[in-house]
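To keep things clear, I will list the structure first and then write my remarks on it.
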Amino acid sequence: MSKFVVWHADFSVGNVSLDEQHKGLFELVNEVWNSRKDCDKKKRQLFKKVLDARRKHCEDEERILARNGYPGLEEHRHEHRKLVKQIQKVLDSCDHDAKKSWYDMMTFLMHELLSRHLVGADMACRDYLRSLPPAAHAIVKVP
Ligand SMILES: [Fe+2]
Ligand SMILES: [Fe+2]
C-alpha cells in the first residue's frame with residue numbers, strides 16, 4: 001500500500017493510547033488514498049470504517065481530556081461533533097456518486113481531519129497533557 005501521509009513523532013500528544021489511534025487515522029487516510037480504483041461498495045465500507053474509527057477516537061479522547069480537566073473540552077467536543085457529521089455526510093453521498101465521494105473524503109481527511117484537527121486542535125490538547133505533573137499520567141489511559 002503506498003503511503004500518502006506518515007505520522008511523525010512531533011504529532012505525539014504524550015498519551016500512548018491516543019497516539020496509537022492517531023496513527024491508525026493516518027493509516028486510514030492511506031487506505032482511502034489507495035481505494036480510489038475500488039468498487040463503490042468497497043469505498044462505502046471503507047468510509048464506514050473511517051466513521052467508526054473517528055467516533056471511537058473522539059469518545060476516548062474526550063474521556064481522557066475530561067478526566068484531566070482540559071479547559072477547552074467543550075470547544076473540542078464541538079469540533080469532534082462537526083468532524084463526525086462531515087464524515088457521515090460524505091458516507092451518505094457515496095450511494096449517489098462514489099467517485100465524487102472519494103474526492104470529497106480525501107479533501108476532508110487532508111484539510112479538516114489531519115491539517116486542522118490532528119496536527120492543529122489536538123496539539124493544544126498535547127500541550128495541556130504535557131503540562132500535567134508526572135503523577136497525572138497514570139490516569140491518561142484509554143480504559
Ligand atoms: Fe481531537
Ligand atoms: Fe485526536
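Each chain in the C-alpha cells gets a letter, A, B, ..., in the order shown, and its residues are numbered from 1; ligands are numbered from 1 in order too.
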Original post:
How would you write, as a list in words, the set of residues no farther than 7 Å from ligand 2 when counting only C-alpha atoms and all ligand atoms?
Top reply: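 Selection of residues at most 7 Å from ligand 2: Leu18, His22, His57, Cys58, Glu61, Leu118 and Asp122 of chain A.
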For ligand 1, list the contacting residues at 12 Å or closer, counting only C-alpha atoms and all ligand atoms, as an mmCIF file with all heavy atoms, in the first residue's frame.
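File produced: selection-v8.cif:
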data_model
loop_
_atom_site.group_PDB
_atom_site.id
_atom_site.type_symbol
_atom_site.label_atom_id
_atom_site.label_comp_id
_atom_site.auth_asym_id
_atom_site.auth_seq_id
_atom_site.Cartn_x
_atom_site.Cartn_y
_atom_site.Cartn_z
ATOM 1 N N VAL A 13 0.801 13.233 21.319
ATOM 2 C CA VAL A 13 0.141 14.025 22.347
ATOM 3 C C VAL A 13 0.607 13.595 23.739
ATOM 4 O O VAL A 13 0.098 14.067 24.747
ATOM 5 C CB VAL A 13 -1.410 13.936 22.246
ATOM 6 C CG1 VAL A 13 -1.906 14.583 20.976
ATOM 7 C CG2 VAL A 13 -1.893 12.496 22.351
ATOM 8 N N LEU A 18 -3.876 7.400 22.734
ATOM 9 C CA LEU A 18 -4.317 8.387 21.740
ATOM 10 C C LEU A 18 -3.361 8.430 20.552
ATOM 11 O O LEU A 18 -3.794 8.554 19.402
ATOM 12 C CB LEU A 18 -4.447 9.777 22.370
ATOM 13 C CG LEU A 18 -5.538 9.955 23.424
ATOM 14 C CD1 LEU A 18 -5.569 11.392 23.927
ATOM 15 C CD2 LEU A 18 -6.911 9.566 22.866
ATOM 16 N N ASP A 19 -2.073 8.306 20.829
ATOM 17 C CA ASP A 19 -1.102 8.296 19.721
ATOM 18 C C ASP A 19 -1.361 7.118 18.782
ATOM 19 O O ASP A 19 -1.293 7.257 17.565
ATOM 20 C CB ASP A 19 0.333 8.222 20.259
ATOM 21 C CG ASP A 19 0.825 9.566 20.771
ATOM 22 O OD1 ASP A 19 0.175 10.599 20.487
ATOM 23 O OD2 ASP A 19 1.866 9.593 21.462
ATOM 24 N N GLN A 21 -4.208 5.657 18.240
ATOM 25 C CA GLN A 21 -5.415 5.941 17.458
ATOM 26 C C GLN A 21 -5.116 6.968 16.359
ATOM 27 O O GLN A 21 -5.624 6.855 15.247
ATOM 28 C CB GLN A 21 -6.530 6.437 18.370
ATOM 29 C CG GLN A 21 -7.080 5.337 19.271
ATOM 30 C CD GLN A 21 -8.228 5.820 20.136
ATOM 31 O OE1 GLN A 21 -8.486 7.011 20.266
ATOM 32 N NE2 GLN A 21 -8.928 4.878 20.749
ATOM 33 N N HIS A 22 -4.310 7.969 16.694
ATOM 34 C CA HIS A 22 -3.940 8.962 15.672
ATOM 35 C C HIS A 22 -3.180 8.298 14.529
ATOM 36 O O HIS A 22 -3.437 8.569 13.355
ATOM 37 C CB HIS A 22 -3.081 10.074 16.295
ATOM 38 C CG HIS A 22 -3.870 11.052 17.108
ATOM 39 N ND1 HIS A 22 -3.319 11.877 18.052
ATOM 40 C CD2 HIS A 22 -5.202 11.331 17.105
ATOM 41 C CE1 HIS A 22 -4.263 12.635 18.595
ATOM 42 N NE2 HIS A 22 -5.413 12.308 18.045
ATOM 43 N N LEU A 25 -5.521 6.587 12.332
ATOM 44 C CA LEU A 25 -6.254 7.502 11.444
ATOM 45 C C LEU A 25 -5.389 7.895 10.245
ATOM 46 O O LEU A 25 -5.879 7.994 9.118
ATOM 47 C CB LEU A 25 -6.727 8.738 12.216
ATOM 48 C CG LEU A 25 -7.851 8.456 13.227
ATOM 49 C CD1 LEU A 25 -8.014 9.598 14.223
ATOM 50 C CD2 LEU A 25 -9.177 8.187 12.508
ATOM 51 N N ARG A 54 -13.228 7.179 13.755
ATOM 52 C CA ARG A 54 -13.237 8.569 14.190
ATOM 53 C C ARG A 54 -14.136 8.749 15.413
ATOM 54 O O ARG A 54 -13.782 9.430 16.375
ATOM 55 C CB ARG A 54 -13.695 9.468 13.032
ATOM 56 C CG ARG A 54 -13.627 10.934 13.310
ATOM 57 C CD ARG A 54 -12.215 11.391 13.602
ATOM 58 N NE ARG A 54 -12.194 12.371 14.676
ATOM 59 C CZ ARG A 54 -11.097 12.917 15.175
ATOM 60 N NH1 ARG A 54 -9.913 12.559 14.709
ATOM 61 N NH2 ARG A 54 -11.144 13.790 16.133
ATOM 62 N N ARG A 55 -15.319 8.108 15.377
ATOM 63 C CA ARG A 55 -16.244 8.193 16.515
ATOM 64 C C ARG A 55 -15.602 7.669 17.790
ATOM 65 O O ARG A 55 -15.662 8.288 18.841
ATOM 66 C CB ARG A 55 -17.487 7.350 16.208
ATOM 67 C CG ARG A 55 -18.580 8.136 15.575
ATOM 68 C CD ARG A 55 -19.930 7.445 15.785
ATOM 69 N NE ARG A 55 -20.954 8.172 15.083
ATOM 70 C CZ ARG A 55 -21.699 7.671 14.100
ATOM 71 N NH1 ARG A 55 -21.528 6.422 13.723
ATOM 72 N NH2 ARG A 55 -22.609 8.401 13.501
ATOM 73 N N LYS A 56 -14.992 6.492 17.654
ATOM 74 C CA LYS A 56 -14.358 5.850 18.815
ATOM 75 C C LYS A 56 -13.245 6.743 19.353
ATOM 76 O O LYS A 56 -13.123 6.939 20.572
ATOM 77 C CB LYS A 56 -13.814 4.478 18.391
ATOM 78 C CG LYS A 56 -12.840 3.822 19.346
ATOM 79 C CD LYS A 56 -13.565 2.855 20.272
ATOM 80 C CE LYS A 56 -12.624 2.053 21.164
ATOM 81 N NZ LYS A 56 -12.194 2.742 22.370
ATOM 82 N N HIS A 57 -12.456 7.298 18.446
ATOM 83 C CA HIS A 57 -11.352 8.146 18.877
ATOM 84 C C HIS A 57 -11.868 9.397 19.603
ATOM 85 O O HIS A 57 -11.328 9.787 20.640
ATOM 86 C CB HIS A 57 -10.474 8.551 17.689
ATOM 87 C CG HIS A 57 -9.432 9.547 18.074
ATOM 88 N ND1 HIS A 57 -8.417 9.226 18.943
ATOM 89 C CD2 HIS A 57 -9.269 10.856 17.767
ATOM 90 C CE1 HIS A 57 -7.668 10.303 19.144
ATOM 91 N NE2 HIS A 57 -8.164 11.306 18.437
ATOM 92 N N CYS A 58 -12.901 10.007 19.069
ATOM 93 C CA CYS A 58 -13.468 11.211 19.706
ATOM 94 C C CYS A 58 -13.909 10.893 21.128
ATOM 95 O O CYS A 58 -13.610 11.639 22.072
ATOM 96 C CB CYS A 58 -14.656 11.746 18.911
ATOM 97 S SG CYS A 58 -14.192 12.496 17.350
ATOM 98 N N GLU A 59 -14.621 9.775 21.288
ATOM 99 C CA GLU A 59 -15.110 9.395 22.624
ATOM 100 C C GLU A 59 -13.948 9.190 23.584
ATOM 101 O O GLU A 59 -13.957 9.688 24.714
ATOM 102 C CB GLU A 59 -15.921 8.094 22.536
ATOM 103 C CG GLU A 59 -17.286 8.280 21.919
ATOM 104 C CD GLU A 59 -17.952 6.946 21.602
ATOM 105 O OE1 GLU A 59 -17.452 5.891 22.069
ATOM 106 O OE2 GLU A 59 -18.966 6.961 20.883
ATOM 107 N N ASP A 60 -12.933 8.457 23.147
ATOM 108 C CA ASP A 60 -11.800 8.159 24.029
ATOM 109 C C ASP A 60 -11.014 9.421 24.378
ATOM 110 O O ASP A 60 -10.632 9.628 25.527
ATOM 111 C CB ASP A 60 -10.871 7.132 23.361
ATOM 112 C CG ASP A 60 -11.506 5.758 23.281
ATOM 113 O OD1 ASP A 60 -12.496 5.520 24.005
ATOM 114 O OD2 ASP A 60 -11.029 4.928 22.493
ATOM 115 N N GLU A 61 -10.794 10.256 23.358
ATOM 116 C CA GLU A 61 -10.029 11.478 23.595
ATOM 117 C C GLU A 61 -10.776 12.402 24.572
ATOM 118 O O GLU A 61 -10.183 12.961 25.498
ATOM 119 C CB GLU A 61 -9.783 12.193 22.270
ATOM 120 C CG GLU A 61 -8.739 13.304 22.361
ATOM 121 C CD GLU A 61 -8.385 13.828 20.989
ATOM 122 O OE1 GLU A 61 -9.075 14.756 20.510
ATOM 123 O OE2 GLU A 61 -7.443 13.320 20.383
ATOM 124 N N GLU A 62 -12.085 12.524 24.360
ATOM 125 C CA GLU A 62 -12.880 13.384 25.240
ATOM 126 C C GLU A 62 -12.872 12.864 26.673
ATOM 127 O O GLU A 62 -12.815 13.634 27.625
ATOM 128 C CB GLU A 62 -14.317 13.476 24.720
ATOM 129 C CG GLU A 62 -14.432 14.365 23.499
ATOM 130 C CD GLU A 62 -15.738 14.188 22.748
ATOM 131 O OE1 GLU A 62 -16.722 13.723 23.350
ATOM 132 O OE2 GLU A 62 -15.770 14.497 21.540
ATOM 133 N N ARG A 63 -12.925 11.530 26.827
ATOM 134 C CA ARG A 63 -12.908 10.934 28.170
ATOM 135 C C ARG A 63 -11.590 11.268 28.870
ATOM 136 O O ARG A 63 -11.559 11.650 30.035
ATOM 137 C CB ARG A 63 -13.076 9.414 28.035
ATOM 138 C CG ARG A 63 -13.473 8.747 29.332
ATOM 139 C CD ARG A 63 -13.730 7.269 29.137
ATOM 140 N NE ARG A 63 -14.763 6.992 28.166
ATOM 141 C CZ ARG A 63 -14.638 6.181 27.116
ATOM 142 N NH1 ARG A 63 -13.510 5.556 26.888
ATOM 143 N NH2 ARG A 63 -15.648 5.984 26.296
ATOM 144 N N ILE A 64 -10.505 11.152 28.130
ATOM 145 C CA ILE A 64 -9.185 11.430 28.715
ATOM 146 C C ILE A 64 -9.041 12.914 29.045
ATOM 147 O O ILE A 64 -8.568 13.284 30.123
ATOM 148 C CB ILE A 64 -8.071 10.965 27.747
ATOM 149 C CG1 ILE A 64 -7.998 9.436 27.784
ATOM 150 C CG2 ILE A 64 -6.725 11.576 28.117
ATOM 151 C CD1 ILE A 64 -7.133 8.831 26.706
ATOM 152 N N LEU A 65 -9.502 13.762 28.138
ATOM 153 C CA LEU A 65 -9.400 15.201 28.381
ATOM 154 C C LEU A 65 -10.268 15.605 29.575
ATOM 155 O O LEU A 65 -9.863 16.429 30.397
ATOM 156 C CB LEU A 65 -9.804 15.984 27.130
ATOM 157 C CG LEU A 65 -8.857 15.842 25.933
ATOM 158 C CD1 LEU A 65 -9.432 16.561 24.710
ATOM 159 C CD2 LEU A 65 -7.460 16.375 26.246
ATOM 160 N N TYR A 70 -9.281 19.211 31.096
ATOM 161 C CA TYR A 70 -8.879 20.076 29.979
ATOM 162 C C TYR A 70 -9.855 21.250 29.861
ATOM 163 O O TYR A 70 -11.060 21.049 29.662
ATOM 164 C CB TYR A 70 -8.858 19.265 28.681
ATOM 165 C CG TYR A 70 -8.449 20.054 27.467
ATOM 166 C CD1 TYR A 70 -7.239 20.739 27.434
ATOM 167 C CD2 TYR A 70 -9.265 20.116 26.330
ATOM 168 C CE1 TYR A 70 -6.849 21.474 26.325
ATOM 169 C CE2 TYR A 70 -8.889 20.836 25.210
ATOM 170 C CZ TYR A 70 -7.684 21.517 25.217
ATOM 171 O OH TYR A 70 -7.306 22.239 24.109
ATOM 172 N N GLY A 72 -10.436 23.420 27.536
ATOM 173 C CA GLY A 72 -11.077 23.654 26.240
ATOM 174 C C GLY A 72 -11.938 22.497 25.780
ATOM 175 O O GLY A 72 -12.207 22.348 24.580
ATOM 176 N N LEU A 73 -12.373 21.665 26.747
ATOM 177 C CA LEU A 73 -13.098 20.433 26.382
ATOM 178 C C LEU A 73 -14.365 20.676 25.563
ATOM 179 O O LEU A 73 -14.586 20.009 24.551
ATOM 180 C CB LEU A 73 -13.430 19.628 27.644
ATOM 181 C CG LEU A 73 -14.198 18.329 27.405
ATOM 182 C CD1 LEU A 73 -13.387 17.358 26.533
ATOM 183 C CD2 LEU A 73 -14.563 17.659 28.719
ATOM 184 N N GLU A 74 -15.200 21.610 25.985
ATOM 185 C CA GLU A 74 -16.474 21.810 25.278
ATOM 186 C C GLU A 74 -16.254 22.222 23.822
ATOM 187 O O GLU A 74 -16.920 21.728 22.914
ATOM 188 C CB GLU A 74 -17.346 22.837 26.008
ATOM 189 C CG GLU A 74 -18.179 22.232 27.120
ATOM 190 C CD GLU A 74 -18.845 20.900 26.743
ATOM 191 O OE1 GLU A 74 -19.563 20.843 25.727
ATOM 192 O OE2 GLU A 74 -18.625 19.899 27.449
ATOM 193 N N GLU A 75 -15.314 23.114 23.620
ATOM 194 C CA GLU A 75 -14.997 23.563 22.257
ATOM 195 C C GLU A 75 -14.449 22.398 21.429
ATOM 196 O O GLU A 75 -14.805 22.204 20.265
ATOM 197 C CB GLU A 75 -13.964 24.690 22.341
ATOM 198 C CG GLU A 75 -13.796 25.477 21.064
ATOM 199 C CD GLU A 75 -12.680 26.504 21.165
ATOM 200 O OE1 GLU A 75 -12.449 27.015 22.285
ATOM 201 O OE2 GLU A 75 -12.050 26.763 20.141
ATOM 202 N N HIS A 76 -13.606 21.598 22.063
ATOM 203 C CA HIS A 76 -13.011 20.461 21.364
ATOM 204 C C HIS A 76 -14.074 19.417 21.015
ATOM 205 O O HIS A 76 -14.090 18.856 19.927
ATOM 206 C CB HIS A 76 -11.901 19.837 22.225
ATOM 207 C CG HIS A 76 -10.891 19.086 21.428
ATOM 208 N ND1 HIS A 76 -9.847 19.701 20.785
ATOM 209 C CD2 HIS A 76 -10.791 17.775 21.111
ATOM 210 C CE1 HIS A 76 -9.140 18.798 20.133
ATOM 211 N NE2 HIS A 76 -9.689 17.615 20.307
ATOM 212 N N ARG A 77 -14.982 19.215 21.966
ATOM 213 C CA ARG A 77 -16.088 18.278 21.742
ATOM 214 C C ARG A 77 -16.945 18.739 20.558
ATOM 215 O O ARG A 77 -17.369 17.937 19.735
ATOM 216 C CB ARG A 77 -16.927 18.215 23.025
ATOM 217 C CG ARG A 77 -17.844 17.048 23.104
ATOM 218 C CD ARG A 77 -18.523 16.998 24.460
ATOM 219 N NE ARG A 77 -17.868 16.077 25.364
ATOM 220 C CZ ARG A 77 -17.847 16.203 26.686
ATOM 221 N NH1 ARG A 77 -18.435 17.215 27.260
ATOM 222 N NH2 ARG A 77 -17.246 15.303 27.428
ATOM 223 N N HIS A 78 -17.166 20.034 20.491
ATOM 224 C CA HIS A 78 -17.944 20.622 19.399
ATOM 225 C C HIS A 78 -17.237 20.359 18.055
ATOM 226 O O HIS A 78 -17.880 19.987 17.062
ATOM 227 C CB HIS A 78 -18.119 22.120 19.666
ATOM 228 C CG HIS A 78 -18.884 22.838 18.612
ATOM 229 N ND1 HIS A 78 -20.235 22.635 18.412
ATOM 230 C CD2 HIS A 78 -18.500 23.751 17.681
ATOM 231 C CE1 HIS A 78 -20.639 23.390 17.408
ATOM 232 N NE2 HIS A 78 -19.612 24.075 16.945
ATOM 233 N N GLU A 79 -15.938 20.554 18.032
ATOM 234 C CA GLU A 79 -15.149 20.284 16.819
ATOM 235 C C GLU A 79 -15.301 18.824 16.413
ATOM 236 O O GLU A 79 -15.459 18.492 15.233
ATOM 237 C CB GLU A 79 -13.668 20.592 17.060
ATOM 238 C CG GLU A 79 -13.314 22.065 17.069
ATOM 239 C CD GLU A 79 -13.536 22.717 15.700
ATOM 240 O OE1 GLU A 79 -13.086 22.149 14.702
ATOM 241 O OE2 GLU A 79 -14.179 23.780 15.664
ATOM 242 N N HIS A 80 -15.218 17.930 17.397
ATOM 243 C CA HIS A 80 -15.351 16.495 17.122
ATOM 244 C C HIS A 80 -16.702 16.186 16.477
ATOM 245 O O HIS A 80 -16.787 15.432 15.512
ATOM 246 C CB HIS A 80 -15.217 15.690 18.417
ATOM 247 C CG HIS A 80 -13.801 15.507 18.865
ATOM 248 N ND1 HIS A 80 -13.476 14.913 20.062
ATOM 249 C CD2 HIS A 80 -12.623 15.823 18.276
ATOM 250 C CE1 HIS A 80 -12.154 14.885 20.192
ATOM 251 N NE2 HIS A 80 -11.611 15.430 19.123
ATOM 252 N N ARG A 81 -17.750 16.766 17.038
ATOM 253 C CA ARG A 81 -19.100 16.515 16.502
ATOM 254 C C ARG A 81 -19.185 16.955 15.042
ATOM 255 O O ARG A 81 -19.772 16.272 14.207
ATOM 256 C CB ARG A 81 -20.147 17.240 17.342
ATOM 257 C CG ARG A 81 -20.479 16.497 18.604
ATOM 258 C CD ARG A 81 -21.808 16.973 19.205
ATOM 259 N NE ARG A 81 -21.780 16.709 20.632
ATOM 260 C CZ ARG A 81 -21.619 17.642 21.574
ATOM 261 N NH1 ARG A 81 -21.545 18.900 21.246
ATOM 262 N NH2 ARG A 81 -21.582 17.315 22.840
ATOM 263 N N LYS A 82 -18.577 18.100 14.758
ATOM 264 C CA LYS A 82 -18.605 18.614 13.384
ATOM 265 C C LYS A 82 -17.880 17.656 12.436
ATOM 266 O O LYS A 82 -18.344 17.377 11.330
ATOM 267 C CB LYS A 82 -17.922 19.998 13.327
ATOM 268 C CG LYS A 82 -18.893 21.113 13.522
ATOM 269 C CD LYS A 82 -18.422 22.538 13.312
ATOM 270 C CE LYS A 82 -17.013 22.823 12.969
ATOM 271 N NZ LYS A 82 -16.615 24.228 13.149
ATOM 272 N N LEU A 83 -16.745 17.139 12.895
ATOM 273 C CA LEU A 83 -15.965 16.223 12.051
ATOM 274 C C LEU A 83 -16.749 14.947 11.758
ATOM 275 O O LEU A 83 -16.788 14.468 10.621
ATOM 276 C CB LEU A 83 -14.631 15.871 12.736
ATOM 277 C CG LEU A 83 -13.616 17.017 12.868
ATOM 278 C CD1 LEU A 83 -12.449 16.593 13.758
ATOM 279 C CD2 LEU A 83 -13.098 17.460 11.508
ATOM 280 N N VAL A 84 -17.368 14.398 12.791
ATOM 281 C CA VAL A 84 -18.141 13.165 12.618
ATOM 282 C C VAL A 84 -19.304 13.399 11.645
ATOM 283 O O VAL A 84 -19.568 12.573 10.763
ATOM 284 C CB VAL A 84 -18.635 12.626 13.988
ATOM 285 C CG1 VAL A 84 -19.674 11.525 13.811
ATOM 286 C CG2 VAL A 84 -17.466 12.115 14.823
ATOM 287 N N GLU A 112 -9.415 18.954 6.780
ATOM 288 C CA GLU A 112 -10.119 19.102 8.059
ATOM 289 C C GLU A 112 -9.554 18.187 9.144
ATOM 290 O O GLU A 112 -9.213 18.640 10.235
ATOM 291 C CB GLU A 112 -11.618 18.797 7.878
ATOM 292 C CG GLU A 112 -12.317 19.702 6.887
ATOM 293 C CD GLU A 112 -12.300 21.161 7.308
ATOM 294 O OE1 GLU A 112 -12.453 21.432 8.512
ATOM 295 O OE2 GLU A 112 -12.113 22.020 6.435
ATOM 296 N N LEU A 113 -9.485 16.899 8.818
ATOM 297 C CA LEU A 113 -9.101 15.952 9.866
ATOM 298 C C LEU A 113 -7.618 16.041 10.218
ATOM 299 O O LEU A 113 -7.258 16.192 11.384
ATOM 300 C CB LEU A 113 -9.454 14.517 9.456
ATOM 301 C CG LEU A 113 -9.333 13.534 10.617
ATOM 302 C CD1 LEU A 113 -10.478 13.680 11.596
ATOM 303 C CD2 LEU A 113 -9.248 12.108 10.124
ATOM 304 N N LEU A 114 -6.755 15.952 9.215
ATOM 305 C CA LEU A 114 -5.317 15.968 9.527
ATOM 306 C C LEU A 114 -4.800 17.374 9.803
ATOM 307 O O LEU A 114 -4.286 17.650 10.878
ATOM 308 C CB LEU A 114 -4.501 15.320 8.391
ATOM 309 C CG LEU A 114 -4.719 13.825 8.152
ATOM 310 C CD1 LEU A 114 -3.661 13.269 7.208
ATOM 311 C CD2 LEU A 114 -4.692 13.027 9.449
ATOM 312 N N SER A 115 -4.929 18.263 8.825
ATOM 313 C CA SER A 115 -4.308 19.589 8.966
ATOM 314 C C SER A 115 -4.939 20.436 10.070
ATOM 315 O O SER A 115 -4.238 21.006 10.898
ATOM 316 C CB SER A 115 -4.389 20.365 7.653
ATOM 317 O OG SER A 115 -3.819 19.616 6.628
ATOM 318 N N ARG A 116 -6.276 20.505 10.045
ATOM 319 C CA ARG A 116 -6.912 21.402 11.015
ATOM 320 C C ARG A 116 -7.064 20.772 12.393
ATOM 321 O O ARG A 116 -6.925 21.441 13.410
ATOM 322 C CB ARG A 116 -8.293 21.847 10.512
ATOM 323 C CG ARG A 116 -8.228 23.043 9.558
ATOM 324 C CD ARG A 116 -9.579 23.703 9.364
ATOM 325 N NE ARG A 116 -10.132 24.230 10.593
ATOM 326 C CZ ARG A 116 -11.237 23.791 11.196
ATOM 327 N NH1 ARG A 116 -11.931 22.818 10.689
ATOM 328 N NH2 ARG A 116 -11.668 24.331 12.315
ATOM 329 N N HIS A 117 -7.360 19.468 12.420
ATOM 330 C CA HIS A 117 -7.622 18.887 13.739
ATOM 331 C C HIS A 117 -6.438 18.128 14.352
ATOM 332 O O HIS A 117 -5.903 18.518 15.369
ATOM 333 C CB HIS A 117 -8.866 17.999 13.708
ATOM 334 C CG HIS A 117 -9.394 17.754 15.083
ATOM 335 N ND1 HIS A 117 -10.220 18.643 15.738
ATOM 336 C CD2 HIS A 117 -9.148 16.763 15.973
ATOM 337 C CE1 HIS A 117 -10.462 18.206 16.953
ATOM 338 N NE2 HIS A 117 -9.820 17.059 17.127
ATOM 339 N N LEU A 118 -6.026 17.041 13.691
ATOM 340 C CA LEU A 118 -4.981 16.199 14.294
ATOM 341 C C LEU A 118 -3.668 16.936 14.542
ATOM 342 O O LEU A 118 -3.029 16.752 15.567
ATOM 343 C CB LEU A 118 -4.740 14.972 13.405
ATOM 344 C CG LEU A 118 -5.603 13.761 13.754
ATOM 345 C CD1 LEU A 118 -5.714 12.829 12.576
ATOM 346 C CD2 LEU A 118 -4.996 13.035 14.919
ATOM 347 N N VAL A 119 -3.241 17.721 13.585
ATOM 348 C CA VAL A 119 -1.993 18.455 13.805
ATOM 349 C C VAL A 119 -2.285 19.937 14.088
ATOM 350 O O VAL A 119 -1.396 20.766 14.033
ATOM 351 C CB VAL A 119 -0.978 18.272 12.641
ATOM 352 C CG1 VAL A 119 -0.615 16.824 12.489
ATOM 353 C CG2 VAL A 119 -1.500 18.833 11.337
ATOM 354 N N GLY A 120 -3.563 20.210 14.395
ATOM 355 C CA GLY A 120 -3.970 21.559 14.754
ATOM 356 C C GLY A 120 -4.535 21.559 16.169
ATOM 357 O O GLY A 120 -3.792 21.650 17.148
ATOM 358 N N ALA A 121 -5.849 21.390 16.261
ATOM 359 C CA ALA A 121 -6.536 21.476 17.561
ATOM 360 C C ALA A 121 -6.003 20.465 18.585
ATOM 361 O O ALA A 121 -5.902 20.781 19.776
ATOM 362 C CB ALA A 121 -8.035 21.265 17.361
ATOM 363 N N ASP A 122 -5.676 19.256 18.128
ATOM 364 C CA ASP A 122 -5.180 18.250 19.078
ATOM 365 C C ASP A 122 -3.839 18.648 19.693
ATOM 366 O O ASP A 122 -3.467 18.145 20.756
ATOM 367 C CB ASP A 122 -5.043 16.878 18.391
ATOM 368 C CG ASP A 122 -6.377 16.143 18.317
ATOM 369 O OD1 ASP A 122 -7.382 16.663 18.855
ATOM 370 O OD2 ASP A 122 -6.410 15.044 17.732
ATOM 371 N N MET A 123 -3.119 19.538 19.040
ATOM 372 C CA MET A 123 -1.828 19.958 19.588
ATOM 373 C C MET A 123 -2.013 20.829 20.834
ATOM 374 O O MET A 123 -1.148 20.866 21.708
ATOM 375 C CB MET A 123 -0.990 20.697 18.534
ATOM 376 C CG MET A 123 -0.519 19.810 17.386
ATOM 377 S SD MET A 123 0.531 18.413 17.901
ATOM 378 C CE MET A 123 -0.631 17.043 17.897
ATOM 379 N N ALA A 124 -3.151 21.507 20.923
ATOM 380 C CA ALA A 124 -3.444 22.274 22.142
ATOM 381 C C ALA A 124 -3.674 21.292 23.293
ATOM 382 O O ALA A 124 -3.248 21.538 24.429
ATOM 383 C CB ALA A 124 -4.671 23.150 21.929
ATOM 384 N N CYS A 125 -4.330 20.169 22.977
ATOM 385 C CA CYS A 125 -4.534 19.116 23.990
ATOM 386 C C CYS A 125 -3.181 18.541 24.406
ATOM 387 O O CYS A 125 -2.937 18.284 25.583
ATOM 388 C CB CYS A 125 -5.402 17.980 23.442
ATOM 389 S SG CYS A 125 -6.978 18.519 22.803
ATOM 390 N N ARG A 126 -2.332 18.319 23.436
ATOM 391 C CA ARG A 126 -0.982 17.799 23.710
ATOM 392 C C ARG A 126 -0.258 18.725 24.694
ATOM 393 O O ARG A 126 0.299 18.270 25.685
ATOM 394 C CB ARG A 126 -0.174 17.699 22.412
ATOM 395 C CG ARG A 126 1.292 17.360 22.652
ATOM 396 C CD ARG A 126 2.174 17.656 21.467
ATOM 397 N NE ARG A 126 2.228 19.094 21.208
ATOM 398 C CZ ARG A 126 2.875 19.633 20.182
ATOM 399 N NH1 ARG A 126 3.474 18.855 19.318
ATOM 400 N NH2 ARG A 126 2.900 20.933 20.016
#
Original post:
Using the chain letters and numbers from this document, which residues of chain A does DSSP assign to helix (DSSP H, G or I), as a PyMOL selection string?
Top reply: chain A and resi 9-11+16-34+40-67+73-93+98-131+134-139
Original post:
Near range 98-109 of chain A, counting only C-alpha atoms, which residues have an atom at most 12 Å away, once you skip same-chain residues fewer than 5 positions from it, shown as a VMD selection string?
Top reply: chain A and resid 4 to 5 25 to 48 50 to 51 54 82 to 93 114 to 119
Subject >> Length of the CA of Asp95 in chain A to CA of Ser2 in chain A vector [Å] >> reply: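 Pair CA of Asp95 in chain A / CA of Ser2 in chain A returns 26.4 Å.
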